[in-house]
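The structure file structure_4.pdb is reproduced below (PDB, C-alpha atoms and all ligand atoms).
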ATOM      1  CA  MET I   1     168.256  64.107 -99.791
ATOM      2  CA  GLY I   2     168.338  62.723-103.291
ATOM      3  CA  ARG I   3     169.151  59.271-101.941
ATOM      4  CA  SER I   4     168.057  56.321-103.988
ATOM      5  CA  ARG I   5     165.113  54.313-102.776
ATOM      6  CA  ILE I   6     166.561  50.873-102.389
ATOM      7  CA  ASN I   7     164.797  47.537-101.940
ATOM      8  CA  ILE I   8     165.427  45.631 -98.728
ATOM      9  CA  ALA I   9     164.917  41.860 -98.567
ATOM     10  CA  ILE I  10     164.479  40.253 -95.154
ATOM     11  CA  ASP I  11     164.492  36.464 -94.996
ATOM     12  CA  GLY I  12     164.987  34.070 -92.140
ATOM     13  CA  HIS I  13     163.592  31.435 -89.863
ATOM     14  CA  SER I  14     160.045  31.347 -88.474
ATOM     15  CA  SER I  15     159.530  33.438 -85.335
ATOM     16  CA  ALA I  16     162.873  35.214 -85.765
ATOM     17  CA  GLY I  17     161.082  38.565 -85.553
ATOM     18  CA  LYS I  18     161.300  39.394 -89.278
ATOM     19  CA  SER I  19     157.948  41.131 -89.577
ATOM     20  CA  THR I  20     158.429  43.263 -86.459
ATOM     21  CA  MET I  21     161.763  44.484 -87.825
ATOM     22  CA  ALA I  22     160.555  44.879 -91.414
ATOM     23  CA  LYS I  23     157.560  46.962 -90.294
ATOM     24  CA  SER I  24     159.595  49.290 -88.086
ATOM     25  CA  LEU I  25     162.297  49.684 -90.688
ATOM     26  CA  ALA I  26     159.754  50.538 -93.407
ATOM     27  CA  LYS I  27     158.134  53.111 -91.109
ATOM     28  CA  GLU I  28     161.482  54.696 -90.236
ATOM     29  CA  LEU I  29     162.537  54.969 -93.897
ATOM     30  CA  ASN I  30     159.059  55.858 -95.160
ATOM     31  CA  TYR I  31     159.116  52.749 -97.336
ATOM     32  CA  VAL I  32     156.370  50.256 -98.185
ATOM     33  CA  TYR I  33     156.309  47.071 -96.108
ATOM     34  CA  VAL I  34     155.324  43.912 -97.985
ATOM     35  CA  ASP I  35     154.437  40.860 -95.887
ATOM     36  CA  THR I  36     154.781  37.963 -98.350
ATOM     37  CA  GLY I  37     153.799  35.433 -95.664
ATOM     38  CA  ALA I  38     150.376  37.150 -95.592
ATOM     39  CA  MET I  39     150.077  36.502 -99.337
ATOM     40  CA  TYR I  40     150.756  32.761 -98.911
ATOM     41  CA  ARG I  41     148.302  32.691 -96.031
ATOM     42  CA  ALA I  42     145.618  34.456 -98.126
ATOM     43  CA  ALA I  43     146.217  31.999-100.994
ATOM     44  CA  THR I  44     145.676  29.215 -98.460
ATOM     45  CA  LEU I  45     142.426  30.762 -97.234
ATOM     46  CA  HIS I  46     141.246  31.010-100.849
ATOM     47  CA  ALA I  47     142.089  27.329-101.454
ATOM     48  CA  MET I  48     140.286  26.342 -98.240
ATOM     49  CA  ARG I  49     137.182  28.264 -99.278
ATOM     50  CA  GLU I  50     137.218  26.611-102.678
ATOM     51  CA  ARG I  51     137.737  23.272-100.923
ATOM     52  CA  SER I  52     140.955  22.582-102.833
ATOM     53  CA  VAL I  53     142.542  22.005 -99.422
ATOM     54  CA  VAL I  54     140.584  19.933 -96.943
ATOM     55  CA  ASP I  55     142.343  18.794 -93.774
ATOM     56  CA  THR I  56     145.759  17.825 -95.149
ATOM     57  CA  ALA I  57     144.534  16.733 -98.593
ATOM     58  CA  VAL I  58     145.384  19.053-101.481
ATOM     59  CA  ASN I  59     143.558  18.877-104.818
ATOM     60  CA  GLU I  60     146.360  20.399-106.898
ATOM     61  CA  VAL I  61     144.321  20.554-110.121
ATOM     62  CA  GLY I  62     141.546  22.466-108.343
ATOM     63  CA  LEU I  63     144.038  24.663-106.552
ATOM     64  CA  ARG I  64     145.804  25.619-109.782
ATOM     65  CA  ALA I  65     142.481  26.379-111.541
ATOM     66  CA  GLY I  66     141.401  28.493-108.559
ATOM     67  CA  LEU I  67     144.401  30.801-108.903
ATOM     68  CA  ASP I  68     142.650  32.610-111.768
ATOM     69  CA  ARG I  69     139.884  33.538-109.326
ATOM     70  CA  MET I  70     142.269  34.877-106.681
ATOM     71  CA  PHE I  71     143.031  38.605-106.527
ATOM     72  CA  LEU I  72     145.346  39.805-103.787
ATOM     73  CA  ALA I  73     146.059  43.411-102.841
ATOM     74  CA  PHE I  74     147.422  45.322 -99.862
ATOM     75  CA  ARG I  75     145.446  48.395 -98.752
ATOM     76  CA  TYR I  76     146.408  50.854 -96.087
ATOM     77  CA  ASN I  77     144.144  50.870 -93.033
ATOM     78  CA  PRO I  78     144.369  54.263 -91.310
ATOM     79  CA  GLN I  79     142.913  52.789 -88.099
ATOM     80  CA  THR I  80     145.665  50.222 -87.595
ATOM     81  CA  GLU I  81     148.206  52.304 -89.543
ATOM     82  CA  GLN I  82     149.156  49.118 -91.365
ATOM     83  CA  SER I  83     148.753  47.933 -94.879
ATOM     84  CA  GLU I  84     146.432  44.925 -94.786
ATOM     85  CA  ILE I  85     145.828  42.095 -97.181
ATOM     86  CA  HIS I  86     142.632  41.832 -99.223
ATOM     87  CA  LEU I  87     141.423  38.691-100.955
ATOM     88  CA  ASN I  88     139.027  39.416-103.820
ATOM     89  CA  GLY I  89     138.345  42.868-102.404
ATOM     90  CA  ILE I  90     137.703  41.790 -98.780
ATOM     91  CA  ASN I  91     140.070  42.431 -95.863
ATOM     92  CA  VAL I  92     141.221  39.010 -94.575
ATOM     93  CA  GLU I  93     144.070  40.190 -92.333
ATOM     94  CA  LYS I  94     142.504  38.575 -89.246
ATOM     95  CA  GLU I  95     141.269  35.380 -90.878
ATOM     96  CA  ILE I  96     144.701  34.478 -92.237
ATOM     97  CA  ARG I  97     146.228  34.437 -88.723
ATOM     98  CA  THR I  98     144.203  31.445 -87.472
ATOM     99  CA  MET I  99     145.782  28.120 -86.510
ATOM    100  CA  GLU I 100     143.778  26.443 -89.287
ATOM    101  CA  VAL I 101     145.404  28.565 -91.985
ATOM    102  CA  ALA I 102     148.812  28.224 -90.295
ATOM    103  CA  SER I 103     148.527  24.443 -90.323
ATOM    104  CA  LYS I 104     147.792  24.316 -94.074
ATOM    105  CA  VAL I 105     149.928  27.116 -95.493
ATOM    106  CA  SER I 106     153.044  25.013 -96.083
ATOM    107  CA  LEU I 107     150.975  22.630 -98.259
ATOM    108  CA  VAL I 108     149.895  25.514-100.481
ATOM    109  CA  ALA I 109     153.215  27.420-100.424
ATOM    110  CA  ARG I 110     155.020  24.469-101.969
ATOM    111  CA  VAL I 111     152.849  24.346-105.119
ATOM    112  CA  PRO I 112     154.996  25.859-107.927
ATOM    113  CA  GLU I 113     152.103  27.659-109.691
ATOM    114  CA  VAL I 114     151.155  29.395-106.441
ATOM    115  CA  ARG I 115     154.722  30.627-106.013
ATOM    116  CA  THR I 116     154.973  31.766-109.643
ATOM    117  CA  LYS I 117     151.830  33.867-109.288
ATOM    118  CA  LEU I 118     152.778  35.420-105.945
ATOM    119  CA  VAL I 119     156.398  36.067-106.919
ATOM    120  CA  ALA I 120     155.222  38.001-110.017
ATOM    121  CA  ILE I 121     152.985  40.213-107.847
ATOM    122  CA  GLN I 122     155.822  40.761-105.347
ATOM    123  CA  GLN I 123     158.271  41.724-108.094
ATOM    124  CA  ARG I 124     155.796  44.255-109.497
ATOM    125  CA  MET I 125     155.360  45.809-106.053
ATOM    126  CA  ALA I 126     159.119  46.356-105.816
ATOM    127  CA  GLU I 127     159.625  47.721-109.334
ATOM    128  CA  ALA I 128     159.853  51.356-108.245
ATOM    129  CA  GLY I 129     162.086  50.641-105.208
ATOM    130  CA  GLY I 130     161.414  51.772-101.651
ATOM    131  CA  VAL I 131     160.148  48.408-100.429
ATOM    132  CA  VAL I 132     160.976  46.344 -97.345
ATOM    133  CA  MET I 133     159.824  42.808 -98.116
ATOM    134  CA  ASP I 134     159.962  39.897 -95.720
ATOM    135  CA  GLY I 135     159.608  36.184 -96.407
ATOM    136  CA  ARG I 136     161.716  33.109 -97.058
ATOM    137  CA  ASP I 137     162.893  33.522-100.663
ATOM    138  CA  ILE I 138     163.044  37.283-101.120
ATOM    139  CA  GLY I 139     166.838  37.687-101.419
ATOM    140  CA  THR I 140     167.253  34.486-103.428
ATOM    141  CA  VAL I 141     164.257  34.348-105.797
ATOM    142  CA  VAL I 142     161.945  37.364-105.631
ATOM    143  CA  LEU I 143     164.449  40.228-105.468
ATOM    144  CA  PRO I 144     167.910  38.783-106.163
ATOM    145  CA  GLN I 145     168.999  42.338-107.101
ATOM    146  CA  ALA I 146     167.827  43.870-103.797
ATOM    147  CA  GLU I 147     170.391  46.446-102.660
ATOM    148  CA  LEU I 148     170.278  45.182 -99.077
ATOM    149  CA  LYS I 149     169.599  41.603 -98.001
ATOM    150  CA  ILE I 150     169.222  40.558 -94.404
ATOM    151  CA  PHE I 151     168.993  37.022 -93.087
ATOM    152  CA  MET I 152     167.490  37.018 -89.609
ATOM    153  CA  THR I 153     167.793  34.180 -87.212
ATOM    154  CA  ALA I 154     168.049  33.231 -83.560
ATOM    155  CA  ASP I 155     168.652  29.906 -81.910
ATOM    156  CA  PRO I 156     165.541  27.666 -81.905
ATOM    157  CA  GLU I 157     165.213  27.778 -78.107
ATOM    158  CA  THR I 158     165.110  31.598 -78.094
ATOM    159  CA  ARG I 159     162.542  31.658 -80.910
ATOM    160  CA  ALA I 160     160.397  29.036 -79.164
ATOM    161  CA  TYR I 161     160.518  30.963 -75.909
ATOM    162  CA  ARG I 162     159.465  34.223 -77.618
ATOM    163  CA  ARG I 163     156.641  32.461 -79.454
ATOM    164  CA  LEU I 164     155.509  30.803 -76.222
ATOM    165  CA  ARG I 165     155.272  34.211 -74.543
ATOM    166  CA  GLU I 166     153.198  35.587 -77.457
ATOM    167  CA  LEU I 167     150.827  32.621 -77.357
ATOM    168  CA  GLN I 168     150.460  32.821 -73.589
ATOM    169  CA  GLN I 169     149.760  36.553 -73.802
ATOM    170  CA  SER I 170     146.931  35.839 -76.250
ATOM    171  CA  GLY I 171     145.459  33.361 -73.766
ATOM    172  CA  LYS I 172     146.547  30.088 -75.440
ATOM    173  CA  SER I 173     147.774  27.293 -73.215
ATOM    174  CA  VAL I 174     150.667  25.422 -74.797
ATOM    175  CA  SER I 175     153.859  23.928 -73.448
ATOM    176  CA  TYR I 176     157.374  25.086 -74.264
ATOM    177  CA  ASP I 177     158.193  21.650 -75.726
ATOM    178  CA  GLU I 178     155.207  21.808 -78.088
ATOM    179  CA  VAL I 179     156.253  25.244 -79.323
ATOM    180  CA  LEU I 180     159.887  24.189 -79.742
ATOM    181  CA  ASP I 181     158.811  21.126 -81.765
ATOM    182  CA  ASN I 182     156.676  23.369 -83.975
ATOM    183  CA  VAL I 183     159.537  25.836 -84.542
ATOM    184  CA  LEU I 184     161.907  23.002 -85.504
ATOM    185  CA  GLU I 185     159.309  21.404 -87.769
ATOM    186  CA  ARG I 186     158.640  24.676 -89.601
ATOM    187  CA  ASP I 187     162.395  25.230 -90.057
ATOM    188  CA  ARG I 188     162.610  21.763 -91.547
ATOM    189  CA  ILE I 189     159.660  22.214 -93.942
ATOM    190  CA  ASP I 190     160.804  25.700 -95.051
ATOM    191  CA  SER I 191     164.405  24.558 -95.641
ATOM    192  CA  GLU I 192     163.715  21.200 -97.268
ATOM    193  CA  ARG I 193     160.972  22.275 -99.671
ATOM    194  CA  ALA I 194     161.881  21.548-103.316
ATOM    195  CA  VAL I 195     160.759  24.935-104.688
ATOM    196  CA  ALA I 196     162.345  28.135-103.338
ATOM    197  CA  PRO I 197     163.539  26.715-100.009
ATOM    198  CA  LEU I 198     164.632  29.008 -97.207
ATOM    199  CA  ARG I 199     168.280  29.683 -97.944
ATOM    200  CA  GLN I 200     170.627  32.464 -96.996
ATOM    201  CA  ALA I 201     171.610  34.530-100.061
ATOM    202  CA  ASP I 202     175.399  34.640-100.505
ATOM    203  CA  ASP I 203     175.395  38.423-100.160
ATOM    204  CA  ALA I 204     172.996  38.614 -97.191
ATOM    205  CA  VAL I 205     173.992  40.182 -93.880
ATOM    206  CA  VAL I 206     173.257  37.606 -91.180
ATOM    207  CA  VAL I 207     171.642  38.991 -88.064
ATOM    208  CA  ASP I 208     171.483  36.504 -85.204
ATOM    209  CA  ASN I 209     169.300  38.266 -82.669
ATOM    210  CA  SER I 210     169.463  35.636 -79.889
ATOM    211  CA  GLU I 211     171.358  38.095 -77.708
ATOM    212  CA  LEU I 212     169.961  41.388 -79.068
ATOM    213  CA  THR I 213     167.094  43.510 -77.810
ATOM    214  CA  VAL I 214     164.515  44.693 -80.336
ATOM    215  CA  GLU I 215     165.937  48.205 -80.059
ATOM    216  CA  GLU I 216     169.558  47.123 -80.622
ATOM    217  CA  GLN I 217     168.509  45.160 -83.639
ATOM    218  CA  PHE I 218     166.430  48.009 -85.056
ATOM    219  CA  ASN I 219     169.310  50.481 -84.668
ATOM    220  CA  PHE I 220     171.656  48.058 -86.378
ATOM    221  CA  LEU I 221     169.298  47.587 -89.349
ATOM    222  CA  VAL I 222     168.636  51.317 -89.756
ATOM    223  CA  THR I 223     172.388  51.954 -89.823
ATOM    224  CA  LEU I 224     172.871  49.197 -92.391
ATOM    225  CA  ALA I 225     170.115  50.612 -94.604
ATOM    226  CA  ARG I 226     171.326  54.217 -94.384
ATOM    227  CA  THR I 227     174.919  53.160 -95.065
ATOM    228  CA  ARG I 228     173.798  51.265 -98.147
ATOM    229  CA  MET I 229     171.807  54.276 -99.383
ATOM    230  CA  GLU I 230     174.835  56.543 -98.890
ATOM    231  CA  GLU I 231     177.036  54.106-100.812
ATOM    232  CA  LEU I 232     174.615  54.139-103.721
ATOM    233  CA  GLY I 233     174.319  57.906-103.656
TER     234      GLY I 233
HETATM  235  O1  LIG T   1     155.952  34.514 -92.436
HETATM  236  P1  LIG T   1     154.712  33.676 -92.176
HETATM  237  O2  LIG T   1     154.826  32.733 -91.010
HETATM  238  O3  LIG T   1     153.454  34.502 -92.125
HETATM  239  O4  LIG T   1     154.601  32.748 -93.479
HETATM  240  C1  LIG T   1     153.541  31.856 -93.646
HETATM  241  C2  LIG T   1     153.993  30.660 -94.458
HETATM  242  O5  LIG T   1     154.276  31.017 -95.810
HETATM  243  C3  LIG T   1     155.224  29.925 -93.936
HETATM  244  O6  LIG T   1     154.874  28.555 -93.804
HETATM  245  C4  LIG T   1     156.268  30.032 -94.995
HETATM  246  C5  LIG T   1     155.516  30.490 -96.231
HETATM  247  N1  LIG T   1     156.226  31.526 -96.961
HETATM  248  C6  LIG T   1     156.913  31.165 -98.086
HETATM  249  O7  LIG T   1     156.931  29.991 -98.442
HETATM  250  N2  LIG T   1     157.559  32.116 -98.816
HETATM  251  C7  LIG T   1     157.534  33.394 -98.433
HETATM  252  N3  LIG T   1     158.171  34.306 -99.186
HETATM  253  C8  LIG T   1     156.852  33.778 -97.266
HETATM  254  C9  LIG T   1     156.208  32.814 -96.531
END

Whole structure given in structure tokens:
Amino acid sequence: MGRSRINIAIDGHSSAGKSTMAKSLAKELNYVYVDTGAMYRAATLHAMRERSVVDTAVNEVGLRAGLDRMFLAFRYNPQTEQSEIHLNGINVEKEIRTMEVASKVSLVARVPEVRTKLVAIQQRMAEAGGVVMDGRDIGTVVLPQAELKIFMTADPETRAYRRLRELQQSGKSVSYDEVLDNVLERDRIDSERAVAPLRQADDAVVVDNSELTVEEQFNFLVTLARTRMEELG
């Protein structure tokens, strides 16, 4: 009792299982989970609707102007027991998970004004502590003072295999090679982007989960979090 409510930043490669871990950890600690990838996806959906992004062409002037008409909020859905993202008051949690949004999100996420706006919202959400936030730049840019930073990764082959299984389970027919190429390409885009690239914070704990089960990993993270809370009193 009386422990401080810390902020936990979880960054790492695509398909490393960040959101699964972040969600379970938040539930265990009774913290708020913030999915920053969902915010970049919702910003992309907004830009697509305003036709600032068509195919792979980005109208940056239009996109920047459109940011003033974009209101993002997370609201708890008791049915799914998750907090879900709303764009201008409407739940878009499902729409942001389409391949179309996924194929355009990196074009939108690299626009500096988009990042400035989303980072400010993310920082406000973490002001009172008690947040588990996952993304690519949380420990480095959004919450550099986070009391616990985790950098999650696994070798590309393991991540591609896990992603392949997920896609196959949802009825999509893709080959392992296609998925591996996509994983490597997303690593490249995330790491080479000029603004807020994916980078391991110097003080992050690296968790390579190639050889860990979900349960082993979860137990490890809970222990890390509780130890950190004890240290801080
Ligand atoms: O975690 P995700 O796959 O839902 O993220 C979607 C995209 O948003 C991904 O291309 C990386 C980008 N992103 C980002 O640039 N910064 C973040 N903090 C989170 C996600």

Exercise for the section: Might you spell out which residues the PyMOL selection byres (((chain I and resi 116) around 12) and not hetatm) would select in the displayed file, as a list in words? Expected result: Tyr40, Arg64, Leu67, Ala109, Arg110, Val111, Pro112, Glu113, Val114, Arg115, Lys117, Leu118, Val119, Ala120, Ile121, Gln122, Gln123, Val141, Val142, Val195 and Ala196 of chain I

Practice task
Return the single residue from I:Val131, I:Gly89, I:Asn30, I:Arg97 that is closest to ligand LIG 1 (chain T), with distances computed using all atoms listed in the file.
Solution key: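 The answer is I:Arg97, which sits nearest to ligand LIG 1 (chain T).
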
Return as lines of an AutoDock Vina configuration file the centre and edge lengths, in Å with one decimal, of the box along x, y and z that encloses every atom of region 25-37 of chain I in the file, padded by 6 Å per side.
center_x = 158.2
center_y = 45.6
center_z = -94.3
size_x = 20.7
size_y = 32.4
size_z = 20.1

Practice task
May I ask for the distance between atom C9 of ligand LIG 1 (chain T) and CA of Gly135 (chain I), given in Å to one decimal place?
Solution key: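 Between these atoms lies a distance of 4.8 Å.
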
Pull the closest atom pair for each residue of chain I that gets at most 6 Å from ligand LIG 1 (chain T), along with the distance in Å to one decimal, counting all atoms listed in the file, ordering rows by chain and then ascending residue number, as a Markdown table.
| residue | atom | partner | partner_atom | distance |
| --- | --- | --- | --- | --- |
| I:Ser14 | CA | T:LIG1 | O2 | 6.0 |
| I:Thr36 | CA | T:LIG1 | C8 | 4.8 |
| I:Gly37 | CA | T:LIG1 | O4 | 3.6 |
| I:Ala38 | CA | T:LIG1 | O3 | 5.3 |
| I:Tyr40 | CA | T:LIG1 | O5 | 5.0 |
| I:Arg41 | CA | T:LIG1 | C1 | 5.8 |
| I:Val105 | CA | T:LIG1 | O6 | 5.4 |
| I:Ser106 | CA | T:LIG1 | O6 | 4.6 |
| I:Ala109 | CA | T:LIG1 | O7 | 4.9 |
| I:Gly135 | CA | T:LIG1 | N3 | 3.6 |
| I:Arg136 | CA | T:LIG1 | N3 | 4.3 |
| I:Asp137 | CA | T:LIG1 | N3 | 5.0 |

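Using all atoms listed in the file, the shortest contact distance between Gly17 (chain I) and any of I:Glu84, I:Glu231, I:Asp134, I:Glu147 is found at I:Asp134.
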
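Between CA of Ala42 (chain I) and CA of Val92 (chain I) there is a distance of 7.3 Å.
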
Problem - Spatial neighbours of Arg228 (chain I), 12 Å, all atoms listed in the file, chain gap at least 5 places, as a ChimeraX atom specification - result: /I:3-8,146-149,205,221-223,233

Exercise for the section: For CA of Ile96 (chain I) and CA of Met48 (chain I), quote the distance in Å rounded to one decimal. Expected result: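 So the two atoms, CA of Ile96 (chain I) and CA of Met48 (chain I), lie 11.0 Å apart.
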
Exercise for the section: Dump as a PyMOL selection string all residues having an atom at most 12 Å from (161.8, 42.1, -83.2), computed in the file's coordinates with all atoms listed in the file. Expected result: chain I and resi 15-25+152-154+159+162-163+207-221

Practice task
Measuring atom to atom with only C-alpha atoms, identify which of I:Ile189, I:Asp203, I:Pro197, I:Leu167 is nearest to Met99 (chain I).
Solution key: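 Nearest to Met99 (chain I): I:Leu167.
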
Written coordinates, N, CA and C atoms of region 120-138 of chain I as a compact mmCIF listing (two decimals), in the first residue's frame:
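Output contents, as saved in part.txt:
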# COMPACT_ATOMS: atom_id res chain seq x y z
N ALA I 120 1.79 15.37 -27.34
CA ALA I 120 1.23 16.24 -26.28
C ALA I 120 0.06 15.55 -25.59
N ILE I 121 -0.79 14.89 -26.36
CA ILE I 121 -1.95 14.19 -25.77
C ILE I 121 -1.44 13.05 -24.87
N GLN I 122 -0.44 12.32 -25.38
CA GLN I 122 0.09 11.17 -24.61
C GLN I 122 0.72 11.64 -23.30
N GLN I 123 1.43 12.75 -23.36
CA GLN I 123 2.07 13.26 -22.12
C GLN I 123 1.02 13.69 -21.11
N ARG I 124 -0.08 14.28 -21.59
CA ARG I 124 -1.15 14.68 -20.66
C ARG I 124 -1.76 13.44 -19.99
N MET I 125 -1.93 12.37 -20.78
CA MET I 125 -2.55 11.17 -20.23
C MET I 125 -1.70 10.56 -19.12
N ALA I 126 -0.39 10.82 -19.16
CA ALA I 126 0.51 10.19 -18.19
C ALA I 126 0.85 11.10 -17.02
N GLU I 127 0.27 12.32 -17.03
CA GLU I 127 0.66 13.31 -16.01
C GLU I 127 0.49 12.82 -14.58
N ALA I 128 -0.61 12.07 -14.34
CA ALA I 128 -0.89 11.65 -12.96
C ALA I 128 -0.23 10.32 -12.60
N GLY I 129 0.52 9.72 -13.54
CA GLY I 129 1.14 8.42 -13.29
C GLY I 129 0.14 7.29 -13.46
N GLY I 130 0.61 6.05 -13.26
CA GLY I 130 -0.29 4.90 -13.35
C GLY I 130 -0.65 4.52 -14.77
N VAL I 131 0.29 4.74 -15.71
CA VAL I 131 0.01 4.45 -17.11
C VAL I 131 1.02 3.43 -17.65
N VAL I 132 0.52 2.50 -18.44
CA VAL I 132 1.41 1.63 -19.23
C VAL I 132 1.18 2.04 -20.68
N MET I 133 2.22 2.58 -21.31
CA MET I 133 2.06 3.12 -22.66
C MET I 133 2.98 2.36 -23.61
N ASP I 134 2.42 1.89 -24.72
CA ASP I 134 3.30 1.21 -25.67
C ASP I 134 3.37 1.94 -27.01
N GLY I 135 4.54 1.82 -27.66
CA GLY I 135 4.73 2.51 -28.93
C GLY I 135 6.14 2.29 -29.45
N ARG I 136 6.70 3.34 -30.04
CA ARG I 136 8.06 3.24 -30.59
C ARG I 136 9.00 4.25 -29.95
N ASP I 137 8.42 5.36 -29.43
CA ASP I 137 9.23 6.48 -28.94
C ASP I 137 8.84 6.87 -27.53
N ILE I 138 8.24 5.94 -26.80
CA ILE I 138 7.70 6.32 -25.48
C ILE I 138 8.84 6.60 -24.49
